[in-house]
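Asker: Below is the file model.txt, with compact mmCIF, C-alpha atoms and all ligand atoms.
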```txt
# COMPACT_ATOMS: atom_id res chain seq x y z
CA MET A 27 41.60 151.83 33.33
CA ALA A 28 42.10 155.53 34.08
CA GLN A 29 43.48 157.61 31.23
CA LYS A 30 47.20 158.24 31.70
CA LEU A 31 48.55 161.79 31.77
CA LEU A 32 51.83 162.96 30.23
CA LEU A 33 53.18 166.36 31.12
CA MET A 34 55.66 167.71 28.58
CA ALA A 35 57.86 170.70 29.25
CA ALA A 36 59.54 172.46 26.35
CA GLY A 37 60.11 175.92 25.11
CA GLY A 38 62.19 178.53 23.49
CA THR A 39 63.05 177.28 20.04
CA GLY A 40 61.64 175.03 17.35
CA GLY A 41 64.44 172.58 18.11
CA HIS A 42 62.90 171.83 21.52
CA MET A 43 59.26 172.19 20.46
CA PHE A 44 59.22 169.96 17.41
CA PRO A 45 60.07 166.66 19.17
CA ALA A 46 57.45 167.57 21.80
CA GLN A 47 54.84 167.95 19.06
CA ALA A 48 55.74 164.58 17.53
CA LEU A 49 55.59 162.85 20.93
CA ALA A 50 52.25 164.52 21.74
CA GLU A 51 50.73 163.09 18.55
CA ALA A 52 52.04 159.61 19.36
CA MET A 53 50.82 159.65 22.98
CA LEU A 54 47.35 160.90 22.01
CA ALA A 55 47.20 158.04 19.51
CA ARG A 56 48.05 155.69 22.40
CA GLY A 57 45.09 157.03 24.36
CA TRP A 58 46.99 159.29 26.75
CA ARG A 59 45.99 162.75 27.89
CA VAL A 60 48.78 165.23 27.08
CA LYS A 61 49.64 168.58 28.64
CA LEU A 62 52.38 170.97 27.55
CA SER A 63 54.02 173.55 29.75
CA THR A 64 55.91 176.22 27.81
CA ASP A 65 56.71 179.93 27.68
CA ALA A 66 55.71 182.81 25.41
CA ARG A 67 58.48 181.98 22.90
CA GLY A 68 57.50 178.32 22.80
CA ALA A 69 53.84 179.32 22.41
CA ARG A 70 54.66 180.59 18.90
CA TYR A 71 55.06 176.98 17.82
CA THR A 72 51.97 175.52 19.46
CA ALA A 73 49.57 176.24 16.56
CA ALA A 74 50.89 173.07 14.89
CA PHE A 75 50.16 170.93 17.98
CA PRO A 76 47.04 168.73 18.00
CA SER A 77 44.16 170.66 19.58
CA ALA A 78 43.72 167.94 22.22
CA VAL A 79 47.03 168.97 23.85
CA GLU A 80 46.31 171.17 26.87
CA ILE A 81 48.80 174.01 26.72
CA SER A 82 49.76 176.35 29.54
CA GLU A 83 52.39 179.05 29.86
CA VAL A 84 54.60 178.93 32.92
CA SER A 85 56.78 181.50 34.64
CA SER A 86 60.47 180.77 34.09
CA ALA A 87 63.68 182.62 33.33
CA THR A 88 67.33 182.18 32.54
CA PHE A 89 70.41 183.30 34.38
CA ALA A 90 72.36 183.15 31.14
CA GLN A 91 70.95 186.17 29.32
CA GLY A 92 69.88 189.73 29.99
CA GLY A 93 71.15 192.50 32.23
CA LEU A 94 71.70 192.50 35.98
CA LEU A 95 68.06 193.18 36.75
CA ALA A 96 66.88 190.30 34.54
CA LYS A 97 69.37 188.03 36.28
CA ALA A 98 68.28 189.20 39.74
CA LEU A 99 64.65 188.54 38.85
CA ALA A 100 65.38 185.09 37.37
CA GLY A 101 65.49 183.28 40.73
CA PRO A 102 62.07 184.47 41.96
CA LYS A 103 60.50 183.84 38.53
CA ILE A 104 61.79 180.28 38.44
CA ALA A 105 60.70 179.70 42.06
CA ALA A 106 57.20 180.98 41.22
CA GLY A 107 57.08 178.64 38.22
CA VAL A 108 58.21 175.62 40.27
CA LEU A 109 55.63 176.34 43.01
CA SER A 110 52.74 176.72 40.60
CA MET A 111 53.76 173.55 38.72
CA ALA A 112 54.10 171.66 42.00
CA ALA A 113 50.58 172.71 43.03
CA GLN A 114 49.22 171.57 39.66
CA MET A 115 51.11 168.26 39.76
CA ARG A 116 49.96 167.51 43.32
CA ARG A 117 46.37 167.75 42.06
CA GLU A 118 46.84 165.85 38.82
CA ARG A 119 49.69 163.38 39.55
CA PRO A 120 50.97 163.02 35.95
CA ASP A 121 52.02 159.44 35.13
CA ALA A 122 55.12 160.76 33.37
CA VAL A 123 56.92 164.10 32.99
CA ILE A 124 59.32 164.74 30.14
CA GLY A 125 61.56 167.77 29.56
CA PHE A 126 62.88 168.68 26.10
CA GLY A 127 65.33 171.34 27.23
CA GLY A 128 65.19 175.11 27.25
CA TYR A 129 64.69 177.11 30.43
CA PRO A 130 60.87 176.89 30.26
CA SER A 131 61.29 173.21 31.16
CA ILE A 132 62.83 174.07 34.56
CA PRO A 133 59.55 174.53 36.49
CA ALA A 134 58.05 171.18 35.42
CA LEU A 135 61.25 169.19 35.95
CA GLY A 136 61.90 171.02 39.23
CA ALA A 137 58.41 170.31 40.55
CA ALA A 138 58.48 166.68 39.36
CA THR A 139 61.82 166.24 41.16
CA LEU A 140 60.40 167.70 44.41
CA LEU A 141 57.34 165.44 44.21
CA LYS A 142 59.41 162.42 43.03
CA LEU A 143 57.18 161.86 39.98
CA PRO A 144 58.42 159.66 37.09
CA ARG A 145 60.47 161.98 34.91
CA MET A 146 62.88 161.88 31.97
CA ILE A 147 64.65 164.10 29.47
CA HIS A 148 64.96 164.12 25.70
CA GLU A 149 68.18 165.75 24.49
CA GLN A 150 68.19 166.58 20.78
CA ASN A 151 71.91 167.37 20.54
CA GLY A 152 75.19 165.53 20.98
CA VAL A 153 75.96 167.61 24.08
CA LEU A 154 73.50 168.18 26.93
CA GLY A 155 71.93 171.63 26.92
CA ARG A 156 72.20 173.76 30.05
CA VAL A 157 68.86 172.81 31.60
CA ASN A 158 69.19 169.14 30.72
CA GLN A 159 72.65 169.19 32.33
CA LEU A 160 71.05 170.44 35.52
CA PHE A 161 68.53 167.59 35.61
CA ALA A 162 70.39 164.69 33.96
CA LYS A 163 71.27 163.11 37.32
CA ARG A 164 67.81 163.75 38.77
CA VAL A 165 65.70 161.92 36.20
CA ALA A 166 65.06 158.23 35.48
CA GLY A 167 66.94 158.54 32.21
CA VAL A 168 67.92 160.52 29.16
CA ALA A 169 66.58 159.77 25.68
CA CYS A 170 69.33 160.83 23.29
CA GLY A 171 68.41 162.31 19.92
CA THR A 172 71.89 162.33 18.45
CA TRP A 173 74.14 159.44 19.24
CA PRO A 174 76.41 159.53 21.16
CA THR A 175 75.35 162.28 23.54
CA ALA A 176 78.05 162.99 26.13
CA LEU A 177 76.50 162.27 29.54
CA PRO A 178 77.71 162.31 33.15
CA ASP A 179 78.78 158.83 34.36
CA GLY A 180 76.02 156.54 35.50
CA VAL A 181 73.11 158.36 33.85
CA PRO A 182 70.80 155.75 32.26
CA HIS A 183 70.27 156.56 28.60
CA GLU A 184 68.78 155.21 25.45
CA HIS A 185 69.31 156.22 21.81
CA ALA A 186 65.83 157.32 20.81
CA GLY A 187 66.72 159.55 17.86
CA ASN A 188 65.15 162.86 16.92
CA PRO A 189 61.59 162.82 15.60
CA VAL A 190 61.38 164.27 12.08
CA ARG A 191 58.50 165.55 9.95
CA ALA A 192 56.18 163.16 8.14
CA ALA A 193 57.48 164.47 4.79
CA VAL A 194 60.97 163.30 5.81
CA ARG A 195 59.78 159.91 7.09
CA GLU A 196 57.91 159.35 3.82
CA ARG A 197 61.24 159.60 2.00
CA ALA A 198 63.17 157.35 4.39
CA GLY A 199 65.63 155.42 2.30
CA ALA A 200 64.44 156.95 -1.02
CA ALA A 201 66.54 155.47 -3.83
CA TYR A 202 69.84 157.34 -4.25
CA ILE A 203 70.93 158.22 -7.77
CA PRO A 204 74.75 158.39 -7.63
CA PRO A 205 76.53 161.33 -9.22
CA GLY A 206 77.18 160.90 -12.93
CA ASP A 207 77.15 162.39 -16.36
CA TYR A 208 73.63 163.80 -16.05
CA PRO A 209 71.85 166.61 -14.15
CA MET A 210 72.83 166.47 -10.46
CA SER A 211 71.37 168.31 -7.46
CA LEU A 212 73.21 169.96 -4.61
CA LEU A 213 71.26 171.08 -1.53
CA VAL A 214 72.82 173.79 0.62
CA MET A 215 71.15 174.56 3.97
CA GLY A 216 72.09 176.62 6.96
CA GLY A 217 69.47 175.55 9.53
CA SER A 218 66.23 177.33 10.31
CA GLN A 219 67.86 180.77 10.10
CA GLY A 220 70.23 180.19 7.18
CA ALA A 221 73.98 180.74 7.55
CA ARG A 222 76.08 183.57 6.13
CA ILE A 223 79.25 181.51 5.97
CA LEU A 224 77.65 179.13 3.47
CA SER A 225 76.77 182.07 1.22
CA ASP A 226 80.35 183.34 1.48
CA VAL A 227 81.97 180.06 0.49
CA VAL A 228 79.65 177.66 -1.35
CA PRO A 229 78.95 179.64 -4.56
CA ALA A 230 82.68 180.21 -5.16
CA ALA A 231 83.47 176.56 -4.37
CA VAL A 232 80.84 175.45 -6.91
CA ALA A 233 82.39 177.83 -9.45
CA ALA A 234 85.82 176.31 -8.73
CA LEU A 235 84.68 172.76 -9.58
CA PRO A 236 85.95 171.17 -12.79
CA GLU A 237 83.73 172.18 -15.71
CA GLU A 238 82.57 168.57 -16.39
CA LEU A 239 80.99 168.46 -12.89
CA ARG A 240 79.83 172.04 -12.71
CA ARG A 241 77.83 172.02 -15.91
CA HIS A 242 75.62 169.21 -14.56
CA LEU A 243 74.87 170.87 -11.23
CA ARG A 244 71.58 172.39 -10.13
CA VAL A 245 72.00 174.10 -6.78
CA SER A 246 69.26 174.68 -4.17
CA HIS A 247 70.82 177.22 -1.83
CA GLN A 248 69.16 178.51 1.35
CA ALA A 249 70.53 181.99 2.09
CA ARG A 250 69.71 184.69 4.60
CA GLU A 251 67.50 187.50 3.34
CA GLU A 252 70.42 189.95 3.34
CA ASP A 253 72.56 187.59 1.22
CA LEU A 254 69.95 186.61 -1.38
CA GLU A 255 70.90 189.18 -3.98
CA ARG A 256 74.64 188.66 -3.97
CA VAL A 257 74.35 184.86 -3.94
CA ASN A 258 71.90 184.93 -6.84
CA ALA A 259 74.10 187.38 -8.76
CA TYR A 260 77.21 185.23 -8.21
CA TYR A 261 75.58 182.04 -9.48
CA ALA A 262 74.12 183.92 -12.47
CA GLU A 263 77.47 185.53 -13.39
CA HIS A 264 79.15 182.13 -13.31
CA GLY A 265 76.44 180.44 -15.38
CA ILE A 266 75.45 178.11 -12.53
CA ASN A 267 71.89 176.83 -12.42
CA ALA A 268 70.73 177.83 -8.91
CA ASP A 269 67.53 178.29 -6.94
CA VAL A 270 68.25 180.60 -4.00
CA GLN A 271 65.60 181.05 -1.29
CA THR A 272 65.49 182.13 2.35
CA PHE A 273 63.67 178.95 3.36
CA PHE A 274 62.72 175.92 1.33
CA THR A 275 59.41 174.48 2.46
CA ASP A 276 60.12 171.34 0.43
CA VAL A 277 63.49 170.32 1.86
CA PRO A 278 62.51 166.63 2.10
CA ALA A 279 61.81 166.50 -1.66
CA ARG A 280 64.94 168.48 -2.54
CA MET A 281 67.06 166.34 -0.24
CA SER A 282 65.84 163.09 -1.72
CA GLU A 283 66.76 164.36 -5.20
CA ALA A 284 70.20 165.56 -4.07
CA GLN A 285 73.46 163.80 -4.90
CA LEU A 286 75.12 165.81 -2.10
CA VAL A 287 74.00 167.96 0.84
CA ILE A 288 76.08 170.77 2.33
CA SER A 289 74.68 171.77 5.69
CA ARG A 290 75.05 173.05 9.21
CA SER A 291 74.77 170.20 11.71
CA GLY A 292 71.76 171.24 13.74
CA ALA A 293 70.03 168.23 15.29
CA SER A 294 67.10 168.15 12.86
CA SER A 295 69.24 168.70 9.77
CA VAL A 296 71.43 165.74 10.77
CA ALA A 297 68.32 163.63 11.47
CA ASP A 298 66.80 164.54 8.08
CA ILE A 299 70.05 163.68 6.24
CA SER A 300 70.38 160.34 7.99
CA ILE A 301 66.75 159.31 7.55
CA ILE A 302 66.61 160.13 3.84
CA GLY A 303 70.19 158.82 3.52
CA ARG A 304 72.38 161.24 1.57
CA PRO A 305 76.13 161.99 1.50
CA SER A 306 76.88 165.28 3.22
CA ILE A 307 79.51 167.86 3.96
CA LEU A 308 78.75 169.23 7.42
CA ILE A 309 79.95 172.59 8.66
CA PRO A 310 79.12 172.88 12.39
CA PHE A 311 78.10 176.29 13.75
CA ALA A 312 81.22 177.03 15.83
CA ALA A 313 79.44 179.25 18.37
CA ALA A 314 76.76 176.68 19.29
CA ALA A 315 76.59 176.06 23.05
CA GLY A 316 79.13 173.42 24.14
CA ASP A 317 80.09 173.05 20.45
CA HIS A 318 77.10 170.71 20.14
CA GLN A 319 76.95 170.92 16.33
CA THR A 320 80.38 169.28 16.12
CA ALA A 321 79.08 166.53 18.38
CA ASN A 322 75.95 166.22 16.21
CA ALA A 323 78.07 165.82 13.08
CA ARG A 324 80.35 163.21 14.61
CA GLY A 325 77.81 160.37 14.41
CA LEU A 326 77.65 160.68 10.62
CA VAL A 327 81.37 161.32 10.24
CA ASN A 328 82.29 158.24 12.31
CA ALA A 329 79.94 156.17 10.19
CA ASN A 330 81.79 157.37 7.04
CA ALA A 331 78.57 158.99 5.87
CA ALA A 332 79.74 162.59 6.00
CA VAL A 333 82.76 164.85 5.83
CA MET A 334 83.00 167.52 8.52
CA ILE A 335 84.77 170.83 7.89
CA PRO A 336 85.18 173.00 10.99
CA GLU A 337 84.49 176.68 10.34
CA SER A 338 88.14 177.42 11.14
CA ALA A 339 89.28 175.20 8.26
CA LEU A 340 86.59 176.22 5.80
CA ASP A 341 87.70 177.99 2.66
CA ILE A 342 86.89 177.81 -1.03
CA PRO A 343 89.62 175.35 -2.15
CA VAL A 344 88.96 172.96 0.78
CA LEU A 345 85.23 172.87 0.13
CA ALA A 346 85.67 172.55 -3.64
CA GLU A 347 88.06 169.64 -3.11
CA HIS A 348 85.63 167.72 -0.88
CA MET A 349 82.71 168.42 -3.21
CA GLY A 350 84.73 167.34 -6.22
CA ALA A 351 85.89 164.16 -4.48
CA ILE A 352 82.33 163.06 -3.66
CA LEU A 353 80.71 164.13 -6.94
CA SER A 354 83.32 162.43 -9.07
CA ASN A 355 83.20 159.12 -7.19
CA PRO A 356 79.77 157.50 -7.55
CA ARG A 357 80.83 154.39 -5.60
CA ALA A 358 82.04 156.36 -2.59
CA ALA A 359 78.98 158.63 -2.75
CA THR A 360 76.66 155.62 -2.80
CA GLN A 361 78.47 154.13 0.19
CA MET A 362 78.14 157.42 2.07
CA ALA A 363 74.41 157.52 1.31
CA ALA A 364 73.96 153.96 2.59
CA ALA A 365 76.02 154.66 5.72
CA ALA A 366 73.90 157.74 6.47
CA LEU A 367 70.76 155.67 6.16
CA ASP A 368 72.19 153.06 8.53
CA ALA A 369 72.81 155.74 11.14
CA GLY A 370 69.27 157.15 10.97
CA VAL A 371 66.43 156.42 13.38
CA PRO A 372 63.21 156.70 11.36
CA ASP A 373 61.04 155.43 14.25
CA ALA A 374 62.34 157.96 16.80
CA THR A 375 58.85 159.10 17.80
CA GLU A 376 57.72 155.56 18.52
CA ARG A 377 60.91 154.83 20.47
CA LEU A 378 60.32 157.93 22.56
CA ALA A 379 56.66 157.02 23.15
CA ALA A 380 57.71 153.53 24.27
CA LEU A 381 60.21 155.04 26.73
CA VAL A 382 57.47 157.26 28.20
CA GLU A 383 55.18 154.24 28.68
CA GLN A 384 58.00 152.29 30.29
CA LEU A 385 58.72 155.23 32.61
CA ALA A 386 55.06 155.38 33.68
CA GLU A 387 54.93 151.61 34.29
CA GLU A 388 58.08 151.58 36.37
CA GLY A 389 56.87 154.61 38.32
C1 LIG B 1 72.30 178.01 15.19
C2 LIG B 1 71.82 177.10 16.26
O1 LIG B 1 72.13 177.25 17.44
N1 LIG B 1 71.07 176.10 15.83
C3 LIG B 1 70.46 175.12 16.74
C4 LIG B 1 68.99 175.00 16.42
O2 LIG B 1 68.98 174.56 15.09
P1 LIG B 1 68.09 174.96 13.88
O3 LIG B 1 66.65 174.95 14.27
O4 LIG B 1 68.67 176.14 13.21
O5 LIG B 1 68.50 173.72 12.96
P2 LIG B 1 68.08 172.23 12.89
O6 LIG B 1 69.10 171.62 12.04
O7 LIG B 1 67.84 171.54 14.19
O8 LIG B 1 66.68 172.31 12.13
C5 LIG B 1 66.52 172.92 10.91
C6 LIG B 1 65.36 172.26 10.20
O9 LIG B 1 64.90 173.13 9.19
C7 LIG B 1 64.83 172.45 7.98
N2 LIG B 1 65.04 173.44 6.89
C8 LIG B 1 66.21 174.11 6.78
C9 LIG B 1 66.39 175.03 5.78
C10 LIG B 1 65.33 175.26 4.85
O10 LIG B 1 65.41 176.05 3.92
N3 LIG B 1 64.18 174.55 5.01
C11 LIG B 1 64.00 173.65 6.00
O11 LIG B 1 62.94 173.02 6.09
C12 LIG B 1 65.90 171.38 8.04
O12 LIG B 1 65.61 170.37 7.11
C13 LIG B 1 65.76 170.96 9.49
O13 LIG B 1 64.74 169.99 9.63
O14 LIG B 1 68.39 173.99 17.24
C14 LIG B 1 68.96 172.69 17.06
C15 LIG B 1 68.20 171.71 17.95
O15 LIG B 1 68.40 171.99 19.32
C16 LIG B 1 70.46 172.70 17.36
O16 LIG B 1 71.00 171.43 17.07
C17 LIG B 1 71.11 173.77 16.53
O17 LIG B 1 72.48 173.83 16.83
```
Would you mind writing the structure in this file as structure tokens?

Answerer:
Amino acid sequence: MAQKLLLMAAGGTGGHMFPAQALAEAMLARGWRVKLSTDARGARYTAAFPSAVEISEVSSATFAQGGLLAKALAGPKIAAGVLSMAAQMRRERPDAVIGFGGYPSIPALGAATLLKLPRMIHEQNGVLGRVNQLFAKRVAGVACGTWPTALPDGVPHEHAGNPVRAAVRERAGAAYIPPGDYPMSLLVMGGSQGARILSDVVPAAVAALPEELRRHLRVSHQAREEDLERVNAYYAEHGINADVQTFFTDVPARMSEAQLVISRSGASSVADISIIGRPSILIPFAAAAGDHQTANARGLVNANAAVMIPESALDIPVLAEHMGAILSNPRAATQMAAAALDAGVPDATERLAALVEQLAEEG
């Protein structure tokens, strides 16, 4: 039997590239040939891809950013990308084409639509991104990373989940030690870039906790470079045991030790929290496109696994109250941890791979 070919299109940010990497690994393991079409920004992430993935950069552009000239040039750039992809696809006839969002996925999805090749989308967030919105009605279906993704009526969809790192999967369902009269860990994360608002509010909210909780806490706090010093100084002045870093490379380990996680609700953060299974306080990034971080958080909130505080309602007393309520109620915290675990999809990569195979079979 001829080797099947998957063409993946992704680009821009790690959020789009990471699920593509996970799927590539799974499809190679299933004996497929895998190609990736991306842009210069996406290419920064390709070092982590298996070397068997054939990577090419494609011409694309966005109408959403840049000055007038950039916008005027966007149309011809996209058209050039679609034409070159169409020529390539006519020669190679991929068995399946999948887009992960980001404007570098336009040429591949556009060409696959013109040539009527089997094609689908993976949407990581609870709201369709701009490019995925454009193609949602022109593909066989949408694999949703965060349930429930809001979709136009009649679009076939499947809850596939968001692939997470192996270090997260290894800790799926790691035993949860409820809060109590012993050292407790709090993990504070602001997404891949960190978040200033968490540095403004979390240290003071920790300081405002009742002494019997506060003295047991060890805080792992991810802060932006420019906030490191003041956050460190605040914790030190208030006698709070804290480890403040710009990026923790061992989040899966820290999360599995945590009694509580305070986090932005980026798609991967929500996936990590639900696969390891920890209670969380989620503070969606209010400026995210289509308010997708609020949609991402909703799955965990509706499952009673998390508390969501919109940025507009976030202040020190509100956060301290929610933290105090969870940390002083081991039963409720344990239930939240179990509910988070229930909502997680640890086999997201395999689900996605199965959807690709189904797409290729159905043509
Ligand atoms: C500000 C913004 O627009 N963010 C978007 C960006 O998220 P962004 O990439 O910022 O955030 P995500 O939550 O998706 O991913 C962050 C990942 O980094 C890990 N981590 C975090 C901190 C740390 O110190 N160490 C560490 O390893 C987290 O565990 C998580 O796995 O792309 C996501 C996927 O499209 C979107 O849902 C987010 O809305």

Asker: Which residue gives the smallest distance to ligand LIG 1 (chain B) among A:Val227, A:Ala365, A:Val277, A:Ile335, with all atoms listed in the file counted?

Answerer: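 Checking each candidate against ligand LIG 1 (chain B), we get A:Val277 as the closest.
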
Asker: Measuring between all atoms listed in the file, which one of A:Ile301, A:Ala50, A:Ala122, A:Ala134 shows the shortest distance to Lys30 of chain A?

Answerer: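 Using all atoms listed in the file, Lys30 of chain A sits closest to A:Ala122.
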
Asker: Each residue of chain A with at least one atom at most 6 Å from ligand LIG 1 (chain B) should appear once, together with its nearest atom pair and the corresponding distance in Å (one decimal); atoms considered: all atoms listed in the file; ordering: chain, then increasing residue number; output as a tab-separated table.

Answerer:
```
residue	atom	partner	partner_atom	distance
A:Gly40	CA	B:LIG1	O3	5.9
A:Gly41	CA	B:LIG1	C15	3.9
A:His42	CA	B:LIG1	O15	5.9
A:Gln150	CA	B:LIG1	O15	5.6
A:Asn151	CA	B:LIG1	O16	5.4
A:Met215	CA	B:LIG1	C9	5.1
A:Gly217	CA	B:LIG1	O4	3.8
A:Ser218	CA	B:LIG1	O4	4.0
A:Gln219	CA	B:LIG1	O4	5.6
A:Gln248	CA	B:LIG1	O10	5.2
A:Phe273	CA	B:LIG1	O10	3.4
A:Phe274	CA	B:LIG1	O10	3.7
A:Thr275	CA	B:LIG1	O11	5.3
A:Val277	CA	B:LIG1	O11	5.0
A:Ser291	CA	B:LIG1	O6	5.9
A:Gly292	CA	B:LIG1	O6	3.2
A:Ala293	CA	B:LIG1	O16	3.8
A:Ser294	CA	B:LIG1	O7	3.7
A:Ser295	CA	B:LIG1	O6	3.7
A:Ala314	CA	B:LIG1	O1	5.0
A:Gln319	CA	B:LIG1	O17	5.4
```

Asker: Given only C-alpha atoms as the basis, pick out the residue of A:Ala106, A:Val190, A:Ala312, A:Val296 nearest to Ala331 of chain A.

Answerer: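 With only C-alpha atoms as the atom set, the closest residue is A:Val296.
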
Asker: Looking at A:Ser85, A:Thr375, A:Gly136, A:Glu388, which one is nearest to Ala46 of chain A, with distances taken over all atoms listed in the file?

Answerer: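 Ranked by minimum distance to Ala46 of chain A, first place goes to A:Thr375.
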
Asker: Select, from A:Leu381, A:Ala363, A:Ile203, A:Leu243, the residue with the minimum atom-to-atom distance to Gly265 of chain A, counting only C-alpha atoms.

Answerer: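 Closest residue, counting only C-alpha atoms: A:Leu243.
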
Asker: Give the answer as one residue: which of A:Met53, A:Ile352, A:Val327, A:Val245 has the shortest atom-to-atom distance to Pro205 of chain A, using all atoms listed in the file?

Answerer: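 Ranking A:Met53, A:Ile352, A:Val327, A:Val245 by distance to Pro205 of chain A, first place goes to A:Ile352.
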